[in-house]
>>> print(open('model_36.pdb').read())   # PDB, C-alpha atoms (C1' of nucleotides)
MODEL        1
ATOM      1  CA  MET A   7      -3.503  -5.967  -4.118
ATOM      2  CA  LEU A   8      -0.329  -7.688  -5.243
ATOM      3  CA  GLN A   9       0.893  -4.629  -7.030
ATOM      4  CA  VAL A  10       4.346  -3.329  -7.638
ATOM      5  CA  SER A  11       5.248   0.054  -6.158
ATOM      6  CA  ARG A  12       5.511   3.201  -8.166
ATOM      7  CA  LYS A  13       9.067   3.680  -7.037
ATOM      8  CA  PHE A  14       9.923   0.333  -8.563
ATOM      9  CA  GLU A  15       8.382   1.371 -11.859
ATOM     10  CA  TYR A  16      10.406   4.575 -11.748
ATOM     11  CA  GLY A  17      13.530   2.599 -11.064
ATOM     12  CA  LEU A  18      12.933   0.150 -13.874
ATOM     13  CA  HIS A  19      12.349   2.950 -16.335
ATOM     14  CA  ALA A  20      15.488   4.681 -15.163
ATOM     15  CA  VAL A  21      17.591   1.560 -15.586
ATOM     16  CA  THR A  22      16.382   0.924 -19.124
ATOM     17  CA  TYR A  23      16.959   4.599 -19.865
ATOM     18  CA  LEU A  24      20.539   4.394 -18.679
ATOM     19  CA  ALA A  25      20.997   1.170 -20.631
ATOM     20  CA  THR A  26      19.805   2.667 -23.886
ATOM     21  CA  LYS A  27      20.103   6.442 -24.057
ATOM     22  CA  GLY A  28      22.724   6.738 -21.378
ATOM     23  CA  GLN A  29      25.480   4.568 -22.783
ATOM     24  CA  GLY A  30      28.987   5.821 -22.140
ATOM     25  CA  ARG A  31      28.037   8.958 -20.310
ATOM     26  CA  VAL A  32      26.766  10.281 -17.037
ATOM     27  CA  VAL A  33      23.079  11.120 -16.932
ATOM     28  CA  THR A  34      21.473  13.514 -14.486
ATOM     29  CA  VAL A  35      18.262  12.766 -12.655
ATOM     30  CA  LYS A  36      16.823  15.905 -14.195
ATOM     31  CA  GLU A  37      17.407  14.615 -17.714
ATOM     32  CA  MET A  38      15.740  11.295 -16.961
ATOM     33  CA  ALA A  39      12.841  12.863 -15.142
ATOM     34  CA  ASP A  40      12.223  15.335 -17.960
ATOM     35  CA  ASP A  41      12.639  12.810 -20.710
ATOM     36  CA  ILE A  42      10.645  10.008 -19.173
ATOM     37  CA  GLY A  43       8.123  12.345 -17.643
ATOM     38  CA  PHE A  44       7.983  12.072 -13.904
ATOM     39  CA  SER A  45       8.963  13.804 -10.704
ATOM     40  CA  GLN A  46      12.632  14.579 -10.353
ATOM     41  CA  GLU A  47      12.580  14.510  -6.560
ATOM     42  CA  PHE A  48      10.953  11.147  -6.360
ATOM     43  CA  LEU A  49      13.001   9.549  -9.111
ATOM     44  CA  SER A  50      16.022  10.755  -7.196
ATOM     45  CA  LYS A  51      14.967   8.586  -4.251
ATOM     46  CA  ALA A  52      14.709   5.565  -6.479
ATOM     47  CA  MET A  53      18.162   6.265  -7.915
ATOM     48  CA  GLN A  54      19.619   6.476  -4.428
ATOM     49  CA  SER A  55      18.247   3.022  -3.671
ATOM     50  CA  LEU A  56      19.624   1.655  -6.917
ATOM     51  CA  LYS A  57      22.971   3.152  -6.116
ATOM     52  CA  ARG A  58      23.130   1.579  -2.669
ATOM     53  CA  ALA A  59      22.494  -1.770  -4.317
ATOM     54  CA  GLY A  60      25.265  -1.233  -6.857
ATOM     55  CA  ILE A  61      22.875  -1.285  -9.786
ATOM     56  CA  ALA A  62      23.661   2.319 -10.554
ATOM     57  CA  SER A  63      26.736   4.276  -9.670
ATOM     58  CA  SER A  64      26.827   7.976  -9.160
ATOM     59  CA  VAL A  65      29.192  10.810  -9.881
ATOM     60  CA  GLN A  66      28.909  13.753  -7.541
ATOM     61  CA  GLY A  67      29.351  17.456  -8.119
ATOM     62  CA  VAL A  68      28.802  19.513 -11.246
ATOM     63  CA  LYS A  69      28.665  17.233 -14.298
ATOM     64  CA  GLY A  70      27.612  14.530 -11.932
ATOM     65  CA  GLY A  71      24.813  12.030 -12.400
ATOM     66  CA  TYR A  72      24.270   8.343 -12.772
ATOM     67  CA  THR A  73      25.534   5.467 -14.870
ATOM     68  CA  LEU A  74      24.791   1.793 -14.656
ATOM     69  CA  GLY A  75      26.872   0.021 -12.065
ATOM     70  CA  ARG A  76      26.892  -3.340 -13.829
ATOM     71  CA  GLU A  77      26.379  -4.801 -17.258
ATOM     72  CA  THR A  78      22.784  -5.176 -18.366
ATOM     73  CA  VAL A  79      23.168  -8.961 -18.385
ATOM     74  CA  GLU A  80      24.022  -8.782 -14.724
ATOM     75  CA  ILE A  81      20.985  -6.837 -13.611
ATOM     76  CA  THR A  82      17.739  -8.697 -13.171
ATOM     77  CA  VAL A  83      14.304  -7.306 -12.504
ATOM     78  CA  ALA A  84      14.488  -9.038  -9.136
ATOM     79  CA  ASP A  85      17.615  -7.041  -8.297
ATOM     80  CA  ILE A  86      15.788  -3.814  -8.947
ATOM     81  CA  ALA A  87      12.817  -4.916  -6.890
ATOM     82  CA  LEU A  88      15.086  -5.913  -4.028
ATOM     83  CA  ALA A  89      17.013  -2.653  -4.182
ATOM     84  CA  ILE A  90      13.900  -0.530  -4.119
ATOM     85  CA  GLU A  91      11.341  -2.461  -2.132
ATOM     86  CA  GLY A  92      13.604  -4.492   0.062
ATOM     87  CA  LYS A  93      13.176  -8.186   0.719
ATOM     88  CA  PRO A  94       9.792  -9.347  -0.485
ATOM     89  CA  HIS A  95       7.282 -10.613   2.046
ATOM     90  CA  LEU A  96       4.237 -12.106   0.423
ATOM     91  CA  VAL A  97       2.662 -12.582   3.829
ATOM     92  CA  ARG A  98       2.899 -10.470   6.947
ATOM     93  CA  CYS A  99       4.281 -13.172   9.159
ATOM     94  CA  GLY A 100       7.390 -12.965   6.993
ATOM     95  CA  VAL A 101       7.929  -9.489   8.409
ATOM     96  CA  LYS A 102       6.752 -10.071  11.944
ATOM     97  CA  ALA A 103       5.569 -13.420  13.227
ATOM     98  CA  GLU A 104       3.570 -11.552  15.875
ATOM     99  CA  SER A 105       1.515  -9.907  13.177
ATOM    100  CA  CYS A 106      -0.258 -13.194  12.635
ATOM    101  CA  GLU A 107      -2.783 -14.462  15.156
ATOM    102  CA  VAL A 108      -2.482 -18.015  13.968
ATOM    103  CA  PHE A 109       1.249 -18.253  13.440
ATOM    104  CA  SER A 110       1.834 -21.444  15.386
ATOM    105  CA  SER A 111      -1.076 -23.322  13.883
ATOM    106  CA  CYS A 112      -0.808 -21.876  10.384
ATOM    107  CA  HIS A 113      -1.045 -24.380   7.582
ATOM    108  CA  HIS A 114      -0.074 -22.265   4.628
ATOM    109  CA  ARG A 115       3.222 -20.830   5.605
ATOM    110  CA  GLY A 116       5.132 -23.455   3.718
ATOM    111  CA  TYR A 117       3.132 -22.975   0.586
ATOM    112  CA  MET A 118       3.278 -19.189   0.718
ATOM    113  CA  GLY A 119       7.010 -19.419   1.206
ATOM    114  CA  THR A 120       7.612 -21.487  -1.892
ATOM    115  CA  LEU A 121       5.171 -19.321  -3.805
ATOM    116  CA  GLN A 122       7.216 -16.305  -2.900
ATOM    117  CA  LEU A 123      10.390 -18.004  -4.035
ATOM    118  CA  LYS A 124       8.801 -18.885  -7.344
ATOM    119  CA  ILE A 125       7.769 -15.303  -7.902
ATOM    120  CA  GLN A 126      11.266 -14.148  -7.082
ATOM    121  CA  ASP A 127      12.617 -16.675  -9.556
ATOM    122  CA  LEU A 128      10.301 -15.281 -12.164
ATOM    123  CA  LEU A 129      11.671 -11.789 -11.616
ATOM    124  CA  GLY A 130      15.200 -13.097 -11.361
ATOM    125  CA  ALA A 131      14.921 -14.814 -14.718
ATOM    126  CA  THR A 132      14.705 -11.547 -16.622
ATOM    127  CA  THR A 133      17.826  -9.484 -17.068
ATOM    128  CA  ILE A 134      17.705  -5.922 -18.298
ATOM    129  CA  TYR A 135      19.496  -7.184 -21.368
ATOM    130  CA  SER A 136      16.793  -9.683 -22.210
ATOM    131  CA  LEU A 137      14.120  -7.145 -21.368
ATOM    132  CA  LEU A 138      15.604  -4.764 -23.919
ATOM    133  CA  GLN A 139      15.696  -7.517 -26.525
ATOM    134  CA  GLN A 140      11.972  -7.987 -26.088
ATOM    135  CA  ILE A 141      11.364  -4.296 -26.593
ATOM    136  CA  ALA A 142      13.359  -3.654 -29.733
ATOM    137  CA  PRO A 143      12.728  -6.575 -32.070
TER     138      PRO A 143
ATOM    139  CA  MET B  27       5.387  -4.186  -1.522
ATOM    140  CA  LEU B  28       4.063  -7.135  -3.510
ATOM    141  CA  GLN B  29       2.166  -8.506  -0.577
ATOM    142  CA  VAL B  30      -1.066 -10.374  -0.339
ATOM    143  CA  SER B  31      -3.921  -8.743   1.579
ATOM    144  CA  ARG B  32      -5.008  -9.807   5.001
ATOM    145  CA  LYS B  33      -8.469 -10.484   3.733
ATOM    146  CA  PHE B  34      -7.039 -12.997   1.306
ATOM    147  CA  GLU B  35      -5.199 -14.752   4.134
ATOM    148  CA  TYR B  36      -8.440 -14.867   6.091
ATOM    149  CA  GLY B  37     -10.233 -16.299   3.111
ATOM    150  CA  LEU B  38      -7.633 -18.961   2.483
ATOM    151  CA  HIS B  39      -7.718 -20.057   6.095
ATOM    152  CA  ALA B  40     -11.472 -20.196   6.010
ATOM    153  CA  VAL B  41     -11.520 -22.326   2.877
ATOM    154  CA  THR B  42      -9.069 -24.853   4.269
ATOM    155  CA  TYR B  43     -11.059 -24.866   7.486
ATOM    156  CA  LEU B  44     -14.253 -25.691   5.626
ATOM    157  CA  ALA B  45     -12.438 -28.324   3.630
ATOM    158  CA  THR B  46     -11.103 -30.090   6.697
ATOM    159  CA  LYS B  47     -13.097 -29.471   9.844
ATOM    160  CA  GLY B  48     -16.267 -28.437   8.068
ATOM    161  CA  GLN B  49     -16.991 -31.483   5.959
ATOM    162  CA  GLY B  50     -20.629 -32.349   5.555
ATOM    163  CA  ARG B  51     -22.003 -29.592   7.714
ATOM    164  CA  VAL B  52     -22.713 -25.906   7.834
ATOM    165  CA  VAL B  53     -20.151 -23.801   9.684
ATOM    166  CA  THR B  54     -20.823 -20.376  11.155
ATOM    167  CA  VAL B  55     -18.463 -17.468  10.812
ATOM    168  CA  LYS B  56     -18.309 -17.294  14.572
ATOM    169  CA  GLU B  57     -17.007 -20.823  14.815
ATOM    170  CA  MET B  58     -14.314 -20.220  12.248
ATOM    171  CA  ALA B  59     -13.320 -16.879  13.728
ATOM    172  CA  ASP B  60     -13.088 -18.344  17.211
ATOM    173  CA  ASP B  61     -11.297 -21.475  16.166
ATOM    174  CA  ILE B  62      -8.831 -19.888  13.795
ATOM    175  CA  GLY B  63      -8.421 -16.810  15.908
ATOM    176  CA  PHE B  64      -9.401 -13.664  14.100
ATOM    177  CA  SER B  65     -12.081 -11.029  13.861
ATOM    178  CA  GLN B  66     -15.535 -12.349  13.159
ATOM    179  CA  GLU B  67     -16.718  -9.181  11.447
ATOM    180  CA  PHE B  68     -13.822  -9.034   9.088
ATOM    181  CA  LEU B  69     -13.810 -12.726   8.271
ATOM    182  CA  SER B  70     -17.461 -12.286   7.454
ATOM    183  CA  LYS B  71     -16.514  -9.843   4.697
ATOM    184  CA  ALA B  72     -14.120 -12.333   3.224
ATOM    185  CA  MET B  73     -16.780 -15.026   3.305
ATOM    186  CA  GLN B  74     -19.207 -12.776   1.501
ATOM    187  CA  SER B  75     -16.681 -12.308  -1.285
ATOM    188  CA  LEU B  76     -16.071 -16.034  -1.475
ATOM    189  CA  LYS B  77     -19.772 -16.631  -1.659
ATOM    190  CA  ARG B  78     -20.267 -14.199  -4.542
ATOM    191  CA  ALA B  79     -17.572 -16.076  -6.418
ATOM    192  CA  GLY B  80     -19.241 -19.425  -5.787
ATOM    193  CA  ILE B  81     -16.326 -20.728  -3.766
ATOM    194  CA  ALA B  82     -18.467 -20.881  -0.668
ATOM    195  CA  SER B  83     -22.192 -21.168  -0.420
ATOM    196  CA  SER B  84     -24.243 -19.891   2.437
ATOM    197  CA  VAL B  85     -27.303 -20.905   4.355
ATOM    198  CA  GLN B  86     -29.214 -18.060   5.916
ATOM    199  CA  GLY B  87     -31.157 -17.863   9.132
ATOM    200  CA  VAL B  88     -30.763 -19.794  12.350
ATOM    201  CA  LYS B  89     -28.573 -22.856  11.811
ATOM    202  CA  GLY B  90     -27.135 -20.992   8.886
ATOM    203  CA  GLY B  91     -23.501 -20.650   7.925
ATOM    204  CA  TYR B  92     -21.151 -21.590   5.152
ATOM    205  CA  THR B  93     -20.090 -24.654   3.246
ATOM    206  CA  LEU B  94     -17.754 -25.004   0.321
ATOM    207  CA  GLY B  95     -19.430 -24.263  -2.971
ATOM    208  CA  ARG B  96     -17.262 -26.560  -5.032
ATOM    209  CA  GLU B  97     -15.008 -29.556  -4.614
ATOM    210  CA  THR B  98     -11.551 -28.822  -3.296
ATOM    211  CA  VAL B  99     -10.017 -29.952  -6.570
ATOM    212  CA  GLU B 100     -11.994 -27.257  -8.303
ATOM    213  CA  ILE B 101     -10.864 -24.357  -6.154
ATOM    214  CA  THR B 102      -7.469 -22.863  -6.836
ATOM    215  CA  VAL B 103      -5.586 -20.305  -4.834
ATOM    216  CA  ALA B 104      -6.016 -17.997  -7.821
ATOM    217  CA  ASP B 105      -9.784 -18.326  -7.523
ATOM    218  CA  ILE B 106      -9.645 -17.178  -3.933
ATOM    219  CA  ALA B 107      -7.382 -14.274  -4.781
ATOM    220  CA  LEU B 108      -9.685 -13.224  -7.599
ATOM    221  CA  ALA B 109     -12.758 -13.503  -5.420
ATOM    222  CA  ILE B 110     -11.297 -11.424  -2.646
ATOM    223  CA  GLU B 111      -8.931  -8.967  -4.272
ATOM    224  CA  GLY B 112     -10.494  -8.712  -7.681
ATOM    225  CA  LYS B 113      -8.583  -8.848 -10.942
ATOM    226  CA  PRO B 114      -4.891  -8.482 -10.292
ATOM    227  CA  HIS B 115      -3.068  -5.454 -11.627
ATOM    228  CA  LEU B 116       0.648  -5.688 -11.179
ATOM    229  CA  VAL B 117       1.039  -2.172 -12.533
ATOM    230  CA  ARG B 118      -1.200   0.849 -12.187
ATOM    231  CA  CYS B 119      -1.754   1.372 -15.874
ATOM    232  CA  GLY B 120      -3.667  -1.886 -15.774
ATOM    233  CA  VAL B 121      -6.246  -0.128 -13.650
ATOM    234  CA  LYS B 122      -6.176   3.276 -15.267
ATOM    235  CA  ALA B 123      -4.024   4.115 -18.270
ATOM    236  CA  GLU B 124      -4.136   7.769 -17.203
ATOM    237  CA  SER B 125      -2.418   6.903 -13.965
ATOM    238  CA  CYS B 126       0.810   6.494 -15.905
ATOM    239  CA  GLU B 127       2.660   9.522 -17.222
ATOM    240  CA  VAL B 128       4.517   7.506 -19.783
ATOM    241  CA  PHE B 129       1.796   5.202 -20.970
ATOM    242  CA  SER B 130       2.237   5.762 -24.689
ATOM    243  CA  SER B 131       5.994   5.456 -24.667
ATOM    244  CA  CYS B 132       6.219   2.755 -22.019
ATOM    245  CA  HIS B 133       8.540  -0.103 -22.793
ATOM    246  CA  HIS B 134       7.690  -2.520 -20.051
ATOM    247  CA  ARG B 135       3.995  -2.957 -20.379
ATOM    248  CA  GLY B 136       4.354  -6.115 -22.402
ATOM    249  CA  TYR B 137       6.783  -7.653 -19.984
ATOM    250  CA  MET B 138       4.779  -6.701 -16.921
ATOM    251  CA  GLY B 139       1.707  -8.147 -18.551
ATOM    252  CA  THR B 140       3.240 -11.550 -19.154
ATOM    253  CA  LEU B 141       4.786 -11.445 -15.699
ATOM    254  CA  GLN B 142       1.356 -10.965 -14.232
ATOM    255  CA  LEU B 143      -0.012 -13.871 -16.221
ATOM    256  CA  LYS B 144       2.791 -16.093 -15.003
ATOM    257  CA  ILE B 145       2.061 -15.189 -11.413
ATOM    258  CA  GLN B 146      -1.602 -15.940 -11.953
ATOM    259  CA  ASP B 147      -0.648 -19.283 -13.454
ATOM    260  CA  LEU B 148       1.405 -20.001 -10.378
ATOM    261  CA  LEU B 149      -1.593 -19.365  -8.141
ATOM    262  CA  GLY B 150      -3.891 -21.196 -10.504
ATOM    263  CA  ALA B 151      -1.712 -24.288 -10.388
ATOM    264  CA  THR B 152      -2.501 -24.977  -6.739
ATOM    265  CA  THR B 153      -5.869 -26.360  -5.831
ATOM    266  CA  ILE B 154      -7.094 -26.489  -2.267
ATOM    267  CA  TYR B 155      -6.942 -30.238  -2.584
ATOM    268  CA  SER B 156      -3.246 -30.228  -3.434
ATOM    269  CA  LEU B 157      -2.581 -27.596  -0.800
ATOM    270  CA  LEU B 158      -4.094 -29.881   1.831
ATOM    271  CA  GLN B 159      -1.980 -32.772   0.620
ATOM    272  CA  GLN B 160       1.115 -30.706   1.259
ATOM    273  CA  ILE B 161      -0.029 -29.932   4.767
ATOM    274  CA  ALA B 162      -0.969 -33.357   6.043
ATOM    275  CA  PRO B 163       1.605 -35.853   4.820
TER     276      PRO B 163
ATOM    277  C1'  DG C  18     -42.321 -13.796  16.827
ATOM    278  C1'  DA C  19     -37.828 -14.135  18.853
ATOM    279  C1'  DG C  20     -33.303 -14.913  18.141
ATOM    280  C1'  DA C  21     -29.301 -16.809  15.430
ATOM    281  C1'  DG C  22     -26.913 -15.784  11.666
ATOM    282  C1'  DG C  23     -25.818 -14.060   6.848
ATOM    283  C1'  DA C  24     -25.692  -9.493   3.599
ATOM    284  C1'  DG C  25     -23.981  -5.423   2.995
ATOM    285  C1'  DG C  26     -23.430  -0.217   3.299
ATOM    286  C1'  DA C  27     -21.105   3.380   5.841
ATOM    287  C1'  DC C  28     -17.704   4.861   8.437
ATOM    288  C1'  DT C  29     -13.265   5.287  11.191
ATOM    289  C1'  DG C  30      -8.518   4.715  12.237
ATOM    290  C1'  DA C  31      -4.106   3.019  10.992
ATOM    291  C1'  DA C  32      -0.580   2.102   7.917
ATOM    292  C1'  DT C  33       1.666   2.684   3.739
ATOM    293  C1'  DT C  34       2.801   5.070  -0.306
ATOM    294  C1'  DT C  35       3.818   8.934  -2.784
ATOM    295  C1'  DG C  36       5.660  13.083  -3.184
ATOM    296  C1'  DT C  37       7.852  17.598  -1.513
ATOM    297  C1'  DC C  38      11.102  20.428   0.963
ATOM    298  C1'  DC C  39      15.116  21.657   2.854
ATOM    299  C1'  DT C  40      19.882  21.384   4.168
ATOM    300  C1'  DG C  41      24.404  19.708   3.336
ATOM    301  C1'  DC C  42      28.204  17.762   0.683
ATOM    302  C1'  DT C  43      31.044  17.229  -3.608
ATOM    303  C1'  DT C  44      33.210  18.971  -7.559
ATOM    304  C1'  DA C  45      33.851  21.434 -12.294
ATOM    305  C1'  DA C  46      34.318  25.791 -13.954
ATOM    306  C1'  DT C  47      35.435  30.453 -13.541
TER     307       DT C  47
ATOM    308  C1'  DA D   3      38.249  30.966  -3.650
ATOM    309  C1'  DT D   4      33.708  31.235  -5.062
ATOM    310  C1'  DT D   5      29.840  29.738  -7.388
ATOM    311  C1'  DA D   6      26.509  26.733  -9.035
ATOM    312  C1'  DA D   7      25.123  22.060 -10.645
ATOM    313  C1'  DG D   8      23.970  17.962  -8.878
ATOM    314  C1'  DC D   9      23.889  13.918  -5.589
ATOM    315  C1'  DA D  10      22.592  12.418  -0.468
ATOM    316  C1'  DG D  11      19.405  11.988   2.680
ATOM    317  C1'  DG D  12      16.352  13.310   6.657
ATOM    318  C1'  DA D  13      11.901  15.250   7.789
ATOM    319  C1'  DC D  14       7.558  16.189   6.696
ATOM    320  C1'  DA D  15       2.816  16.417   4.313
ATOM    321  C1'  DA D  16      -0.722  14.590   1.510
ATOM    322  C1'  DA D  17      -3.102  10.912  -0.516
ATOM    323  C1'  DT D  18      -4.439   6.381  -0.870
ATOM    324  C1'  DT D  19      -5.346   1.944   0.704
ATOM    325  C1'  DC D  20      -6.277  -1.446   4.118
ATOM    326  C1'  DA D  21      -8.190  -3.204   8.181
ATOM    327  C1'  DG D  22     -11.526  -3.340  11.166
ATOM    328  C1'  DT D  23     -16.041  -1.834  13.350
ATOM    329  C1'  DC D  24     -20.829  -0.600  13.518
ATOM    330  C1'  DC D  25     -25.298  -0.609  12.314
ATOM    331  C1'  DT D  26     -29.377  -2.071   9.880
ATOM    332  C1'  DC D  27     -31.855  -5.324   7.330
ATOM    333  C1'  DC D  28     -33.187  -9.824   5.697
ATOM    334  C1'  DT D  29     -33.827 -14.906   6.254
ATOM    335  C1'  DC D  30     -34.930 -18.948   8.510
ATOM    336  C1'  DT D  31     -35.578 -22.249  12.514
ATOM    337  C1'  DC D  32     -37.804 -23.232  16.671
TER     338       DC D  32
ENDMDL
END
>>> encode(input="model_36.pdb", output="structure tokens")
Amino acid sequence: MLQVSRKFEYGLHAVTYLATKGQGRVVTVKEMADDIGFSQEFLSKAMQSLKRAGIASSVQGVKGGYTLGRETVEITVADIALAIEGKPHLVRCGVKAESCEVFSSCHHRGYMGTLQLKIQDLLGATTIYSLLQQIAP
Amino acid sequence: MLQVSRKFEYGLHAVTYLATKGQGRVVTVKEMADDIGFSQEFLSKAMQSLKRAGIASSVQGVKGGYTLGRETVEITVADIALAIEGKPHLVRCGVKAESCEVFSSCHHRGYMGTLQLKIQDLLGATTIYSLLQQIAP
DNA sequence: GAGAGGAGGACTGAATTTGTCCTGCTTAAT
DNA sequence: ATTAAGCAGGACAAATTCAGTCCTCCTCTC
């Protein structure tokens, strides 16, 4: 269906939250979940992925929580997608060649490959910084 | 996971098959399924979608089958995607606003919307004709 | 009128996504 | 030292979607 996952949406919301309302402080998952309006448990998973990718960094223990791990100009939408959904595979044979019956004789692999790159470029061209500019005029 | 459906892959293969090995004649689903190498029943579904969209046209009865419904320069990859997967919705709120908890306060809808349009443009920029050029040098 | 072949609804099984639960670890505060 | 807030992450359950099959009907050629 060529649709982005919910977890990605959660992650993107969380990052913009940290970038705006979370400046200079540590923000708990609970605060974000309450304020934005979705499940704390699930958002927590997204944050863990963002952390592993260095997009967010975490502070443990009481008074713990999350902050951004990099400047907003250094985080692109593609980074968030990669952190949360892993490497994109527009077609199945990108994951497993065996999953395609016609792998050896396939004529579109080249095209689908460049298409995927172009989509990644599209996502990579937007930083959180520029995204925020678009929001608040 | 931002992945294209299998049915779309089937459809794309079928269209290029018709455009190359099926010139000037009517091709049965069985032939395509056998030659390309996947399920006849399922390919049949894809063909039905393509037919409804006018990308393929069908002949019923004995000696029936499919032909292309338009010239290859007038069929884009986006057309095939639309025919088979329906209107694209990068985010859920495009399908149902209620499916998003933060619809009213959402900051990314505008961005996601233009992103979707850009992806559609990408698909719309490739015609079957140009795709075939890329394949056979 | 028999059989090849498309049309399409219904259904099933598999895979993926989404979300919850639980347990453990870290650390500030008391 | 103990407690409780909060992150980390594995395991599991539910829901949704996708993929594929089956069955019936209709159309057309021979």
>>> interface_residues(input="model_36.pdb", of="chain D", to="chain A", cutoff="6 Å", atoms="all atoms listed in the file", output="ChimeraX atom specification")
/D:7-9
>>> resolve_selection(input="model_36.pdb", expression="the PyMOL selection byres ((chain C) within 12 of (chain A))", output="list in words")
DT33, DT34, DT35, DG36, DT37, DC38, DC42, DT43, DT44, DA45 and DA46 of chain C
>>> closest_atom_pairs(input="model_36.pdb", of="chain B", to="chain A", cutoff="7 Å", atoms="only C-alpha atoms", output="CSV")
residue,atom,partner,partner_atom,distance
B:Met27,CA,A:Glu91,CA,6.2
B:Leu28,CA,A:Leu8,CA,4.8
B:Gln29,CA,A:Leu96,CA,4.3
B:Val30,CA,A:Leu96,CA,5.6
B:Ser31,CA,A:Met7,CA,6.4
B:Ile62,CA,A:Val108,CA,6.6
B:Gly63,CA,A:Glu107,CA,6.2
B:Phe64,CA,A:Glu107,CA,6.7
B:Glu111,CA,A:Met7,CA,6.2
B:Pro114,CA,A:Met7,CA,6.8
B:His115,CA,A:Gln9,CA,6.1
B:Leu116,CA,A:Gln9,CA,4.3
B:Val117,CA,A:Val10,CA,6.0
B:Glu127,CA,A:Gly43,CA,6.2
B:Val128,CA,A:Gly43,CA,6.4
B:His133,CA,A:Ile141,CA,6.3
B:Ile145,CA,A:Ile125,CA,6.7
B:Ile161,CA,A:His113,CA,6.3
>>> atom_distance(input="model_36.pdb", atom1="atom CA of A:Lys102", atom2="atom C1' of C:DA32")
14.8 Å
>>> closest_residue(input="model_36.pdb", among="B:Gly139, B:Gly120, B:Gly150, B:Gly37", to="B:Ser75", atoms="all atoms listed in the file")
B:Gly37
>>> atom_distance(input="model_36.pdb", atom1="atom CA of B:Lys47", atom2="atom C1' of D:DC32")
26.4 Å
>>> atom_distance(input="model_36.pdb", atom1="atom CA of B:Ala79", atom2="atom CA of B:Ser125")
28.5 Å
>>> residues_near_point(input="model_36.pdb", point="(-28.9, -2.0, 11.4)", cutoff="12 Å", atoms="only C-alpha atoms (C1' of nucleotides)", output="PyMOL selection string")
(chain C and resi 24-27) or (chain D and resi 24-28)
>>> resolve_selection(input="model_36.pdb", expression="the PyMOL selection byres ((chain A and resi 75) around 9)", output="list in words")
Lys57, Gly60, Ile61, Ala62, Ser63, Ser64, Tyr72, Thr73, Leu74, Arg76 and Glu77 of chain A
>>> residues_around(input="model_36.pdb", residues="B:Ile154", least_positions_apart="4", cutoff="8 Å", atoms="all atoms listed in the file", output="list in words")
Val41, Thr42, Thr98, Val99, Glu100, Ile101, Thr102, Val103 and Leu158 of chain B
>>> axis_aligned_box(input="model_36.pdb", around="stretch 6-14 of chain D", padding_each_side="5 Å", output="AutoDock Vina command-line options")
--center_x 17.0 --center_y 19.4 --center_z -1.4 --size_x 29.0 --size_y 24.7 --size_z 28.4
>>> residues_near_point(input="model_36.pdb", point="(7.0, 18.7, 10.6)", cutoff="12 Å", atoms="only C-alpha atoms (C1' of nucleotides)", output="list of chain:residue names")
C:DC38, C:DC39, D:DG12, D:DA13, D:DC14, D:DA15
>>> decode(input="model_36.pdb", residues="stretch 11-31 of chain D", atoms="C-alpha atoms (C1' of nucleotides)", output="tab-separated table (two decimals), in the first residue's frame")
chain	number	residue	atom	x	y	z
D	11	DG	C1'	14.01	-4.85	25.96
D	12	DG	C1'	12.04	-9.61	25.39
D	13	DA	C1'	7.76	-12.13	24.94
D	14	DC	C1'	3.32	-12.30	23.83
D	15	DA	C1'	-1.54	-11.19	22.01
D	16	DA	C1'	-4.64	-8.97	18.98
D	17	DA	C1'	-5.72	-6.83	14.78
D	18	DT	C1'	-5.05	-5.87	10.20
D	19	DT	C1'	-3.47	-6.65	5.74
D	20	DC	C1'	-1.79	-9.41	2.05
D	21	DA	C1'	-1.45	-13.35	-0.71
D	22	DG	C1'	-3.34	-16.94	-2.62
D	23	DT	C1'	-7.17	-20.38	-3.56
D	24	DC	C1'	-11.74	-21.91	-4.72
D	25	DC	C1'	-15.91	-21.81	-6.71
D	26	DT	C1'	-19.51	-20.14	-9.71
D	27	DC	C1'	-21.02	-17.62	-13.53
D	28	DC	C1'	-20.74	-15.45	-17.99
D	29	DT	C1'	-18.97	-15.07	-22.81
D	30	DC	C1'	-17.51	-16.63	-27.06
D	31	DT	C1'	-15.46	-19.90	-30.59
